[in-house]
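Visitor: File follows, upload30.txt with compact mmCIF, C-alpha atoms:
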# COMPACT_ATOMS: atom_id res chain seq x y z
CA MET A 1 167.64 173.45 56.46
CA SER A 2 165.94 175.96 54.15
CA GLY A 3 162.23 175.62 53.40
CA GLN A 4 161.74 173.46 56.46
CA LYS A 5 159.99 174.42 59.66
CA LYS A 6 162.59 175.45 62.21
CA TRP A 7 162.29 173.03 65.08
CA MET A 8 164.88 174.57 67.37
CA PRO A 9 165.68 178.20 68.28
CA ARG A 10 167.91 180.17 65.94
CA TRP A 11 171.04 180.07 68.08
CA PHE A 12 170.90 176.28 67.96
CA TYR A 13 171.39 176.34 64.20
CA GLN A 14 173.95 179.08 64.45
CA LEU A 15 175.98 176.85 66.77
CA ALA A 16 176.25 174.46 63.86
CA SER A 17 178.54 176.93 62.10
CA PRO A 18 182.14 176.39 63.27
CA ARG A 19 183.01 179.94 62.32
CA TRP A 20 180.17 181.47 64.36
CA CYS A 21 181.10 179.19 67.25
CA TYR A 22 184.74 180.26 67.01
CA ASP A 23 183.75 183.93 67.13
CA ILE A 24 181.29 183.63 69.99
CA THR A 25 183.67 181.60 72.20
CA GLY A 26 186.34 184.22 71.48
CA LYS A 27 184.03 186.89 72.86
CA LEU A 28 182.98 184.84 75.91
CA LEU A 29 186.45 183.63 76.90
CA PRO A 30 187.86 186.70 78.69
CA GLY A 31 184.82 186.99 80.96
CA PHE A 32 185.03 183.36 82.01
CA VAL A 33 188.81 183.56 82.54
CA ILE A 34 188.35 186.49 84.93
CA ALA A 35 185.42 184.84 86.71
CA ALA A 36 187.31 181.55 87.11
CA LEU A 37 190.46 183.22 88.45
CA LEU A 38 188.48 185.42 90.82
CA LEU A 39 186.16 182.72 92.15
CA LEU A 40 188.85 180.06 92.52
CA GLY A 41 191.23 182.55 94.17
CA VAL A 42 188.66 183.93 96.59
CA GLY A 43 187.19 180.49 97.23
CA THR A 44 190.55 178.86 98.00
CA VAL A 45 191.67 181.58 100.42
CA TRP A 46 188.26 181.63 102.07
CA ALA A 47 188.14 177.85 102.36
CA LEU A 48 191.66 177.41 103.69
CA LEU A 49 191.99 180.42 105.98
CA PHE A 50 188.57 181.72 107.01
CA ALA A 51 186.10 178.84 106.96
CA PRO A 52 185.87 177.17 110.38
CA ALA A 53 187.33 173.72 111.00
CA ASP A 54 184.97 170.79 111.48
CA TYR A 55 184.22 169.67 115.06
CA GLN A 56 185.17 166.05 114.33
CA GLN A 57 187.60 166.11 111.46
CA GLY A 58 189.39 169.38 112.22
CA ASN A 59 191.26 170.87 109.29
CA SER A 60 191.35 167.71 107.18
CA PHE A 61 187.72 168.37 106.23
CA ARG A 62 188.89 171.34 104.13
CA ILE A 63 189.70 168.98 101.28
CA ILE A 64 185.91 169.03 100.70
CA TYR A 65 186.46 172.37 98.93
CA ILE A 66 188.30 170.56 96.13
CA HIS A 67 186.70 167.13 96.37
CA VAL A 68 183.04 168.13 96.06
CA PRO A 69 183.41 170.63 93.17
CA ALA A 70 185.59 168.14 91.27
CA ALA A 71 183.04 165.35 91.78
CA ILE A 72 180.10 167.56 90.74
CA LEU A 73 181.95 168.78 87.68
CA ALA A 74 183.00 165.27 86.66
CA GLN A 75 179.32 164.29 86.47
CA SER A 76 178.10 167.50 84.80
CA CYS A 77 180.87 167.25 82.22
CA TYR A 78 179.81 163.69 81.44
CA MET A 79 176.20 164.75 80.94
CA MET A 80 177.32 167.52 78.62
CA MET A 81 179.47 165.07 76.66
CA ALA A 82 176.53 162.65 76.29
CA VAL A 83 174.05 165.37 75.27
CA ALA A 84 176.50 166.86 72.76
CA GLY A 85 177.14 163.35 71.45
CA ALA A 86 173.40 162.77 71.03
CA ILE A 87 172.98 166.07 69.18
CA GLY A 88 175.89 165.08 66.95
CA LEU A 89 174.27 161.72 66.26
CA ILE A 90 170.80 163.08 65.50
CA TRP A 91 171.53 166.36 63.71
CA LYS A 92 174.95 165.39 62.28
CA MET A 93 176.32 168.62 63.68
CA LYS A 94 180.10 168.91 63.46
CA VAL A 95 180.38 171.40 66.31
CA ALA A 96 178.46 169.08 68.67
CA ASP A 97 180.95 166.32 67.90
CA MET A 98 183.80 168.70 68.67
CA VAL A 99 182.18 169.66 72.00
CA ALA A 100 181.73 166.01 72.95
CA LYS A 101 185.32 165.23 72.04
CA SER A 102 186.62 168.24 73.99
CA CYS A 103 184.68 167.26 77.14
CA ALA A 104 186.40 163.90 77.59
CA PRO A 105 189.95 164.99 78.57
CA ILE A 106 188.59 167.60 81.01
CA GLY A 107 186.20 165.06 82.50
CA VAL A 108 188.93 162.50 82.99
CA SER A 109 191.08 165.00 84.89
CA VAL A 110 188.32 166.15 87.26
CA ALA A 111 187.12 162.57 87.84
CA LEU A 112 190.70 161.61 88.70
CA LEU A 113 190.97 164.67 90.96
CA ALA A 114 187.75 163.69 92.76
CA LEU A 115 188.95 160.12 93.25
CA ALA A 116 192.41 161.20 94.41
CA THR A 117 191.18 163.82 96.88
CA GLY A 118 188.59 161.31 98.08
CA ALA A 119 191.30 158.74 98.80
CA ILE A 120 193.46 161.33 100.57
CA TRP A 121 190.44 162.34 102.64
CA GLY A 122 189.41 158.76 103.31
CA LYS A 123 192.70 157.70 104.88
CA PRO A 124 192.58 160.02 107.94
CA THR A 125 188.78 160.03 108.40
CA TRP A 126 187.58 156.52 107.53
CA GLY A 127 190.90 154.80 108.06
CA SER A 128 191.19 153.50 104.50
CA TRP A 129 192.29 154.85 101.13
CA TRP A 130 189.69 152.88 99.26
CA VAL A 131 186.62 150.71 99.88
CA TRP A 132 184.55 149.02 97.22
CA ASP A 133 181.30 150.70 98.19
CA ALA A 134 178.69 151.77 95.64
CA ARG A 135 179.68 155.45 95.50
CA LEU A 136 183.40 154.91 95.04
CA THR A 137 182.96 152.08 92.56
CA SER A 138 180.46 153.96 90.37
CA MET A 139 182.80 156.97 90.37
CA LEU A 140 185.66 154.72 89.23
CA ILE A 141 183.42 153.44 86.43
CA LEU A 142 182.84 157.07 85.39
CA LEU A 143 186.62 157.49 85.06
CA PHE A 144 186.83 154.36 82.89
CA LEU A 145 183.95 155.61 80.70
CA TYR A 146 185.86 158.81 80.05
CA LEU A 147 188.98 156.80 79.24
CA GLY A 148 186.91 154.64 76.87
CA VAL A 149 185.61 157.70 75.03
CA ILE A 150 189.15 159.08 74.68
CA ALA A 151 190.40 155.70 73.47
CA LEU A 152 187.68 155.54 70.79
CA HIS A 153 188.53 159.02 69.56
CA SER A 154 192.19 158.20 69.22
CA ALA A 155 191.71 154.67 67.86
CA ILE A 156 189.38 155.58 64.96
CA GLU A 157 190.98 157.58 62.20
CA ASN A 158 187.77 158.85 60.58
CA GLU A 159 186.42 161.78 62.59
CA VAL A 160 182.74 161.09 61.85
CA THR A 161 182.93 157.40 62.75
CA ALA A 162 184.95 158.18 65.87
CA ALA A 163 182.41 160.76 67.02
CA GLN A 164 179.52 158.35 66.42
CA SER A 165 181.04 155.46 68.35
CA ALA A 166 182.16 157.75 71.18
CA ALA A 167 178.63 159.22 71.36
CA VAL A 168 177.06 155.78 71.60
CA LEU A 169 179.45 154.82 74.40
CA SER A 170 178.69 158.10 76.23
CA LEU A 171 174.95 157.45 75.94
CA VAL A 172 175.30 153.90 77.23
CA GLY A 173 177.35 155.17 80.17
CA LEU A 174 174.81 157.87 80.96
CA VAL A 175 172.98 155.35 83.16
CA ASN A 176 175.92 155.60 85.58
CA ILE A 177 175.17 159.24 86.47
CA PRO A 178 171.97 158.60 88.51
CA ILE A 179 173.71 155.56 90.01
CA ILE A 180 176.55 157.77 91.31
CA LYS A 181 174.11 160.33 92.65
CA TYR A 182 171.72 157.95 94.41
CA SER A 183 174.25 155.25 95.38
CA VAL A 184 174.47 156.63 98.91
CA GLU A 185 170.69 156.56 99.27
CA TRP A 186 169.91 153.22 97.65
CA TRP A 187 172.59 151.09 99.29
CA ASN A 188 174.58 150.84 102.51
CA THR A 189 177.82 152.64 101.79
CA LEU A 190 180.78 153.96 103.75
CA HIS A 191 180.53 157.26 101.89
CA GLN A 192 178.23 159.74 103.64
CA PRO A 193 175.06 161.09 101.95
CA ALA A 194 175.10 164.44 100.14
CA THR A 195 175.59 167.59 102.22
CA PHE A 196 174.34 169.78 99.38
CA THR A 197 170.92 169.00 97.93
CA LEU A 198 168.61 171.10 95.79
CA THR A 199 165.58 170.51 97.99
CA GLU A 200 166.91 170.80 101.54
CA ARG A 201 169.10 173.21 103.45
CA PRO A 202 172.79 172.28 103.38
CA ALA A 203 173.86 170.12 106.33
CA MET A 204 176.53 172.66 107.24
CA PRO A 205 176.41 176.29 108.44
CA ALA A 206 176.63 179.16 105.93
CA GLU A 207 180.25 180.01 106.83
CA MET A 208 181.15 176.55 105.52
CA TRP A 209 178.86 176.17 102.51
CA VAL A 210 179.23 179.65 100.98
CA PRO A 211 182.94 179.14 100.17
CA LEU A 212 182.04 175.67 98.89
CA LEU A 213 179.46 177.21 96.55
CA VAL A 214 182.05 179.76 95.40
CA MET A 215 184.45 176.92 94.60
CA VAL A 216 181.76 174.96 92.74
CA ILE A 217 180.90 177.96 90.53
CA GLY A 218 184.62 178.64 90.09
CA PHE A 219 185.16 175.06 88.91
CA TYR A 220 182.32 175.48 86.39
CA CYS A 221 183.88 178.69 85.06
CA PHE A 222 187.25 176.95 84.79
CA PHE A 223 185.50 174.13 82.93
CA ALA A 224 183.93 176.65 80.53
CA VAL A 225 187.35 178.20 79.86
CA SER A 226 189.15 174.93 79.19
CA LEU A 227 186.24 173.59 77.13
CA MET A 228 186.13 176.71 74.94
CA LEU A 229 189.90 176.62 74.42
CA ARG A 230 189.71 172.98 73.38
CA ILE A 231 186.75 173.59 71.07
CA ARG A 232 188.50 176.52 69.38
CA ASN A 233 191.57 174.39 68.85
CA GLU A 234 189.46 171.59 67.42
CA ILE A 235 187.61 174.01 65.09
CA LEU A 236 190.86 175.44 63.72
CA HIS A 237 192.27 171.97 63.24
CA ARG A 238 189.25 170.55 61.43
CA GLU A 239 188.51 173.68 59.40
CA ARG A 240 192.14 174.28 58.52
CA ARG A 241 191.30 174.08 54.82
CA ALA A 242 188.38 176.51 55.08
CA GLY A 243 188.80 179.99 53.63
CA TRP A 244 188.16 181.92 56.82
CA VAL A 245 190.75 179.96 58.83
CA ARG A 246 193.40 180.38 56.14
CA GLN A 247 192.63 184.06 55.88
CA MET A 248 192.79 184.54 59.67
CA ILE A 249 196.07 182.67 60.09
CA GLY A 250 197.68 184.02 56.95
CA GLY A 251 196.26 187.52 57.11
CA GLU A 252 196.99 188.44 60.70
CA MET B 1 161.85 167.43 62.24
CA ASN B 2 162.63 165.31 59.23
CA PRO B 3 161.99 161.53 59.38
CA LYS B 4 165.71 160.66 59.26
CA ARG B 5 166.43 162.73 62.36
CA LYS B 6 163.33 161.50 64.11
CA GLN B 7 164.48 157.95 63.55
CA ARG B 8 167.93 158.70 64.96
CA LEU B 9 166.36 160.45 67.95
CA MET B 10 164.33 157.30 68.59
CA ILE B 11 167.50 155.19 68.47
CA VAL B 12 169.18 157.50 70.98
CA LEU B 13 166.19 157.37 73.33
CA PHE B 14 166.06 153.60 72.93
CA ILE B 15 169.73 153.29 73.92
CA VAL B 16 169.37 155.53 76.98
CA PHE B 17 166.15 154.01 78.32
CA GLY B 18 166.94 150.45 77.25
CA VAL B 19 170.29 150.49 79.02
CA GLY B 20 168.68 152.27 81.96
CA ILE B 21 166.02 149.61 82.43
CA ALA B 22 168.46 146.72 81.94
CA VAL B 23 170.98 148.11 84.41
CA GLY B 24 168.24 149.11 86.84
CA LEU B 25 166.79 145.58 86.96
CA THR B 26 170.26 144.03 87.29
CA MET B 27 171.17 146.29 90.20
CA TYR B 28 167.82 145.65 91.86
CA ALA B 29 168.47 141.92 91.66
CA LEU B 30 171.99 142.33 93.04
CA SER B 31 171.14 144.94 95.66
CA GLN B 32 172.23 142.80 98.63
CA ASN B 33 175.63 142.31 97.02
CA ILE B 34 176.05 146.01 96.36
CA ASN B 35 175.45 146.90 100.01
CA LEU B 36 178.80 147.39 101.67
CA PHE B 37 177.73 146.01 105.02
CA TYR B 38 175.07 144.13 106.98
CA SER B 39 173.12 145.98 109.65
CA PRO B 40 172.85 144.60 113.20
CA THR B 41 169.18 143.75 112.43
CA GLN B 42 170.18 141.66 109.42
CA ILE B 43 172.85 139.88 111.48
CA ALA B 44 170.38 139.20 114.33
CA GLU B 45 167.87 137.81 111.85
CA GLY B 46 170.48 135.44 110.46
CA GLU B 47 170.64 137.08 107.02
CA ALA B 48 174.41 137.41 107.21
CA PRO B 49 176.43 134.24 106.52
CA GLU B 50 178.15 132.76 109.58
CA LYS B 51 181.93 132.28 109.69
CA ALA B 52 182.29 133.99 106.29
CA ARG B 53 184.13 137.31 106.09
CA ILE B 54 181.47 140.04 106.16
CA ARG B 55 181.14 143.72 107.05
CA ALA B 56 178.86 145.01 109.78
CA GLY B 57 177.81 148.63 109.98
CA GLY B 58 176.08 150.54 112.75
CA MET B 59 176.49 153.05 115.51
CA VAL B 60 178.80 152.50 118.47
CA VAL B 61 176.53 152.30 121.55
CA GLU B 62 177.16 155.02 124.14
CA GLY B 63 179.04 153.64 127.16
CA SER B 64 179.76 150.28 125.53
CA VAL B 65 183.44 150.78 124.64
CA LYS B 66 185.76 148.74 126.91
CA ARG B 67 189.49 148.90 126.37
CA ASP B 68 191.88 146.28 127.71
CA PRO B 69 194.59 148.22 129.62
CA GLU B 70 197.23 145.56 128.80
CA SER B 71 196.77 145.40 125.03
CA LEU B 72 195.11 147.02 122.02
CA ARG B 73 192.05 144.85 122.56
CA VAL B 74 188.78 146.76 122.53
CA SER B 75 185.17 145.63 122.69
CA PHE B 76 182.04 147.59 121.93
CA ALA B 77 178.44 147.16 120.85
CA LEU B 78 177.11 148.14 117.44
CA THR B 79 173.47 149.14 116.99
CA ASP B 80 170.95 150.34 114.43
CA TYR B 81 168.52 151.19 117.28
CA GLN B 82 166.69 147.89 116.75
CA GLU B 83 169.26 145.17 117.31
CA THR B 84 172.73 145.17 118.81
CA VAL B 85 175.84 143.19 117.92
CA ASP B 86 178.90 142.86 120.19
CA VAL B 87 182.18 143.50 118.44
CA GLU B 88 185.76 142.65 119.50
CA TYR B 89 188.78 144.11 117.81
CA THR B 90 192.53 144.22 118.35
CA GLY B 91 194.36 147.06 116.70
CA ILE B 92 194.45 150.77 116.19
CA LEU B 93 191.09 152.44 115.71
CA PRO B 94 190.54 155.35 113.31
CA ASP B 95 190.71 158.85 114.82
CA LEU B 96 187.00 159.37 114.34
CA PHE B 97 186.08 156.24 116.30
CA ARG B 98 184.01 157.24 119.33
CA GLU B 99 180.76 156.41 121.05
CA GLY B 100 177.75 157.55 119.05
CA GLN B 101 179.78 157.35 115.82
CA GLY B 102 178.82 155.26 112.79
CA ILE B 103 181.42 152.63 111.90
CA VAL B 104 181.86 149.75 109.46
CA ALA B 105 183.75 146.71 110.76
CA GLN B 106 185.07 143.86 108.68
CA GLY B 107 185.33 140.41 110.23
CA SER B 108 183.21 137.37 111.04
CA LEU B 109 180.79 136.09 113.66
CA ASP B 110 182.24 133.57 116.10
CA ASN B 111 180.39 130.73 117.88
CA ARG B 112 179.19 133.03 120.66
CA GLY B 113 177.63 135.41 118.15
CA VAL B 114 180.32 138.01 118.81
CA PHE B 115 181.66 139.82 115.76
CA GLN B 116 185.45 139.42 115.57
CA ALA B 117 186.63 142.44 113.60
CA VAL B 118 189.89 142.58 111.68
CA GLU B 119 189.35 146.12 110.38
CA VAL B 120 187.31 149.03 111.73
CA LEU B 121 186.48 152.04 109.52
CA ALA B 122 184.75 155.22 110.70
CA LYS B 123 181.60 156.22 108.81
CA HIS B 124 181.04 159.90 109.37
CA ASP B 125 177.77 161.58 108.42
CA GLU B 126 176.99 164.49 106.10
CA ASN B 127 176.81 167.07 108.92
CA TYR B 128 179.74 169.43 109.24
CA MET B 129 179.96 172.20 111.83
CA PRO B 130 182.46 174.33 113.73
CA PRO B 131 183.38 173.09 117.27
CA GLU B 132 181.41 175.93 118.96
CA VAL B 133 178.21 174.96 117.16
CA ALA B 134 178.79 171.31 118.05
CA ASP B 135 179.27 172.25 121.74
CA ALA B 136 176.06 174.28 121.76
CA LEU B 137 174.06 171.50 120.09
CA GLU B 138 175.57 168.96 122.49
CA LYS B 139 174.49 171.03 125.50
CA SER B 140 170.94 171.51 124.24
CA GLY B 141 170.74 167.83 123.25
CA GLN B 142 170.04 168.61 119.58
CA MET B 143 173.12 166.97 118.12
CA PRO B 144 172.14 165.26 114.86
CA MET B 145 172.53 161.48 115.20
CA PRO B 146 172.69 158.92 112.41
CA SER B 147 169.22 157.48 111.87
CA ALA B 148 168.36 153.79 111.78
CA GLU B 149 167.72 154.07 108.03
CA GLU B 150 171.33 155.09 107.56
CA PHE B 151 172.35 151.48 108.32
CA ASN B 152 169.31 149.69 106.86
CA LYS B 153 168.88 150.41 103.19
Just give me the structure as structure tokens.

Guide:
Amino acid sequence: MSGQKKWMPRWFYQLASPRWCYDITGKLLPGFVIAALLLLGVGTVWALLFAPADYQQGNSFRIIYIHVPAAILAQSCYMMMAVAGAIGLIWKMKVADMVAKSCAPIGVSVALLALATGAIWGKPTWGSWWVWDARLTSMLILLFLYLGVIALHSAIENEVTAAQSAAVLSLVGLVNIPIIKYSVEWWNTLHQPATFTLTERPAMPAEMWVPLLVMVIGFYCFFAVSLMLRIRNEILHRERRAGWVRQMIGGE
Amino acid sequence: MNPKRKQRLMIVLFIVFGVGIAVGLTMYALSQNINLFYSPTQIAEGEAPEKARIRAGGMVVEGSVKRDPESLRVSFALTDYQETVDVEYTGILPDLFREGQGIVAQGSLDNRGVFQAVEVLAKHDENYMPPEVADALEKSGQMPMPSAEEFNK
């Protein structure tokens, strides 16, 4: 990198150092753990006990407080995985590969959670566990993309090759993200359109959407915690022969 | 940025946009197959195949629901505010089924042009509210209703 014009901000290059990344995530972790516990705790109690029931669906609508954050996170996590994969491909950055690899198992769990809570919600409200409409089908494809990425990582022995092929698959699957988001607007679906949008007011009163927002932020904090833990694990594993890891494990 | 990286960046952009355009065109071509249901307008215009198993989606017309007191038979009209289709169904309806509610019915058109449903699913909208708010909106006549576009995409 020396002698060349720096094309990205300094922290971007610092991220490339596993050791620096290990240190910084260690410092950030406690804050995110507290935030996640607090937000998820407050959000759950608020959502289950204090938020009003829906006029049509009654209490069964409360599953929205798990379903929507899980679905949002499943898509954000995928985008992060694809972007990290692209950075790994272009800059050959080890840490980016580790981030991409660590995203996949978290993504698969939240995608599964979104699909499961959706099915549980669908039975009493729509009258069916599952319909092959555009939203549900594209979400199922997202789950399979995550599984494909995990399969590539475990099938290919060489870490560099595995990261490259997984990154290419993530980038190909990136097209699915706008399809999930706009499926309910482009096609006739059974799934209702979005209640939360960036441009318009939420289609629910504040006493319903505030706890939902708390849960969404809580899910993101939880994601940050589990991602950092996975990355740290991955760093220690891959750098196990490096001096600083040996010193830390042996010396402490 | 060195040429090697620039080249790899180009490959990445090519993958993302290339796949995006290919998938976009495919889905545009298949859009009628991706739609879950036909709207009453499409059925009235003969776009939906006759006698084949299809889905019809629309809003249950106010005052159109007639229940047979002897059996589970129920008939109602389905509308997208432009055209209306009569539907007959025997069976248990979902809890959310009511007049003014969006539904999706699976079945086929018979000779009389009546839709014989074998399954009825409720399609609720994105509006959630506490019962008090719903009562107040109902009284002032400001209750949000599904729009015609909701069934005609």

Visitor: Near chain B, meaning an atom within 7 Å, which residues of chain A appear when counting only C-alpha atoms? Write them as a PyMOL selection string.

Guide: chain A and resi 7+52-56+86+90-91+125-127+133-134+171-172+175+186-190+192-195+203-205

Visitor: Those selected residues, please, written with C-alpha atoms and delivered as a short mmCIF file (atom, residue, chain, number, x, y, z; two decimals), in the frame of the given file.

Guide:
data_model
loop_
_atom_site.label_atom_id
_atom_site.label_comp_id
_atom_site.auth_asym_id
_atom_site.auth_seq_id
_atom_site.Cartn_x
_atom_site.Cartn_y
_atom_site.Cartn_z
CA TRP A 7 162.29 173.03 65.08
CA PRO A 52 185.87 177.17 110.38
CA ALA A 53 187.33 173.72 111.00
CA ASP A 54 184.97 170.79 111.48
CA TYR A 55 184.22 169.67 115.06
CA GLN A 56 185.17 166.05 114.33
CA ALA A 86 173.40 162.77 71.03
CA ILE A 90 170.80 163.08 65.50
CA TRP A 91 171.53 166.36 63.71
CA THR A 125 188.78 160.03 108.40
CA TRP A 126 187.58 156.52 107.53
CA GLY A 127 190.90 154.80 108.06
CA ASP A 133 181.30 150.70 98.19
CA ALA A 134 178.69 151.77 95.64
CA LEU A 171 174.95 157.45 75.94
CA VAL A 172 175.30 153.90 77.23
CA VAL A 175 172.98 155.35 83.16
CA TRP A 186 169.91 153.22 97.65
CA TRP A 187 172.59 151.09 99.29
CA ASN A 188 174.58 150.84 102.51
CA THR A 189 177.82 152.64 101.79
CA LEU A 190 180.78 153.96 103.75
CA GLN A 192 178.23 159.74 103.64
CA PRO A 193 175.06 161.09 101.95
CA ALA A 194 175.10 164.44 100.14
CA THR A 195 175.59 167.59 102.22
CA ALA A 203 173.86 170.12 106.33
CA MET A 204 176.53 172.66 107.24
CA PRO A 205 176.41 176.29 108.44
#

Visitor: Suppose you want the space between atom CA of B:Ala77 and atom CA of B:Glu99; what is it in Å?

Guide: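 Separating atom CA of B:Ala77 from atom CA of B:Glu99 is a distance of 9.5 Å.
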
Visitor: Return the single residue from B:Pro69, B:Glu62, B:Leu109, B:Ala29 that is closest to B:Ile43, with distances computed using all atoms listed in the file.

Guide: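 Result for the nearest residue to B:Ile43: B:Leu109.
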
Visitor: Please measure the separation of atom CA of A:Val214 and atom CA of A:Cys103, giving the value in Å to one decimal.

Guide: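 A separation of 22.3 Å between them.
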
Visitor: Neighbouring residues of A:Ala51 were defined as those with any atom within 8 Å, considering only C-alpha atoms; residues of the same chain fewer than 5 positions away were excluded. Please report them as a list in words.

Guide: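 Residues meeting the cut-off are Trp46, Glu207, Met208 and Pro211 of chain A.
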
Visitor: Hey, what's within 9 Å of A:Pro69 if we count all atoms listed in the file and toss same-chain stuff fewer than 2 positions away? As JSON, numbers by chain, please?

Guide: {"A": [64, 65, 66, 67, 71, 72, 73, 74, 110, 114, 212, 213, 215, 216, 217, 218, 219, 220]}

Visitor: Using all atoms listed in the file, determine which residues lie at most 12 Å from A:Gly148, disregarding the query and same-chain residues fewer than 2 positions distant; provide the list as JSON, numbers by chain.

Guide: {"A": [101, 104, 105, 107, 108, 141, 142, 143, 144, 145, 146, 150, 151, 152, 153, 154, 155, 162, 165, 166, 167, 168, 169, 170, 172, 173]}

Visitor: Mind pulling up the distance from atom CA of A:Ser183 to atom CA of A:Leu136?

Guide: 9.2 Å

Visitor: Give me, as a VMD selection string, all polymer residues having an atom no more than 9 Å from A:Ser17, counting all atoms listed in the file and skipping those fewer than 6 positions away in the same chain.

Guide: chain A and resid 93 to 95

Visitor: Of the candidates A:Val33, A:Val42, A:Ala111, A:Cys21, which one gets nearest to A:Val68 if we count only C-alpha atoms?

Guide: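 Under the stated criterion, the closest residue is A:Ala111.
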
Visitor: Skip B:Phe76 itself and residues of its chain fewer than 3 positions away, then list as a JSON list (two decimals) with C-alpha atoms, in the frame of the given file all residues within 9 Å of it, counting all atoms listed in the file.

Guide:
[["chain", "number", "residue", "atom", "x", "y", "z"],
["B", 60, "VAL", "CA", 178.80, 152.50, 118.47],
["B", 61, "VAL", "CA", 176.53, 152.30, 121.55],
["B", 63, "GLY", "CA", 179.04, 153.64, 127.16],
["B", 64, "SER", "CA", 179.76, 150.28, 125.53],
["B", 65, "VAL", "CA", 183.44, 150.78, 124.64],
["B", 66, "LYS", "CA", 185.76, 148.74, 126.91],
["B", 67, "ARG", "CA", 189.49, 148.90, 126.37],
["B", 85, "VAL", "CA", 175.84, 143.19, 117.92],
["B", 86, "ASP", "CA", 178.90, 142.86, 120.19],
["B", 87, "VAL", "CA", 182.18, 143.50, 118.44],
["B", 88, "GLU", "CA", 185.76, 142.65, 119.50],
["B", 89, "TYR", "CA", 188.78, 144.11, 117.81],
["B", 99, "GLU", "CA", 180.76, 156.41, 121.05]]

Visitor: Just save stretch 19-31 of chain B with N, CA and C atoms, as a compact mmCIF listing (two decimals), in the first residue's frame.

Guide:
# COMPACT_ATOMS: atom_id res chain seq x y z
N VAL B 19 -26.51 -9.67 -13.76
CA VAL B 19 -27.53 -10.55 -13.18
C VAL B 19 -28.82 -9.77 -12.96
N GLY B 20 -28.66 -8.52 -12.50
CA GLY B 20 -29.85 -7.68 -12.25
C GLY B 20 -30.68 -7.49 -13.50
N ILE B 21 -30.02 -7.16 -14.61
CA ILE B 21 -30.76 -6.93 -15.86
C ILE B 21 -31.39 -8.24 -16.36
N ALA B 22 -30.62 -9.32 -16.30
CA ALA B 22 -31.14 -10.60 -16.80
C ALA B 22 -32.37 -11.03 -15.99
N VAL B 23 -32.25 -10.97 -14.68
CA VAL B 23 -33.37 -11.39 -13.83
C VAL B 23 -34.55 -10.44 -13.99
N GLY B 24 -34.24 -9.13 -14.10
CA GLY B 24 -35.30 -8.14 -14.26
C GLY B 24 -36.13 -8.40 -15.52
N LEU B 25 -35.44 -8.67 -16.65
CA LEU B 25 -36.16 -8.92 -17.90
C LEU B 25 -36.98 -10.21 -17.81
N THR B 26 -36.38 -11.24 -17.18
CA THR B 26 -37.09 -12.52 -17.05
C THR B 26 -38.38 -12.32 -16.24
N MET B 27 -38.26 -11.61 -15.13
CA MET B 27 -39.43 -11.43 -14.27
C MET B 27 -40.47 -10.56 -14.95
N TYR B 28 -40.00 -9.60 -15.75
CA TYR B 28 -40.96 -8.76 -16.48
C TYR B 28 -41.75 -9.62 -17.46
N ALA B 29 -41.04 -10.54 -18.12
CA ALA B 29 -41.71 -11.41 -19.09
C ALA B 29 -42.69 -12.35 -18.40
N LEU B 30 -42.35 -12.75 -17.19
CA LEU B 30 -43.18 -13.75 -16.49
C LEU B 30 -44.16 -13.10 -15.53
N SER B 31 -44.32 -11.77 -15.60
CA SER B 31 -45.04 -11.10 -14.50
C SER B 31 -46.44 -11.66 -14.27
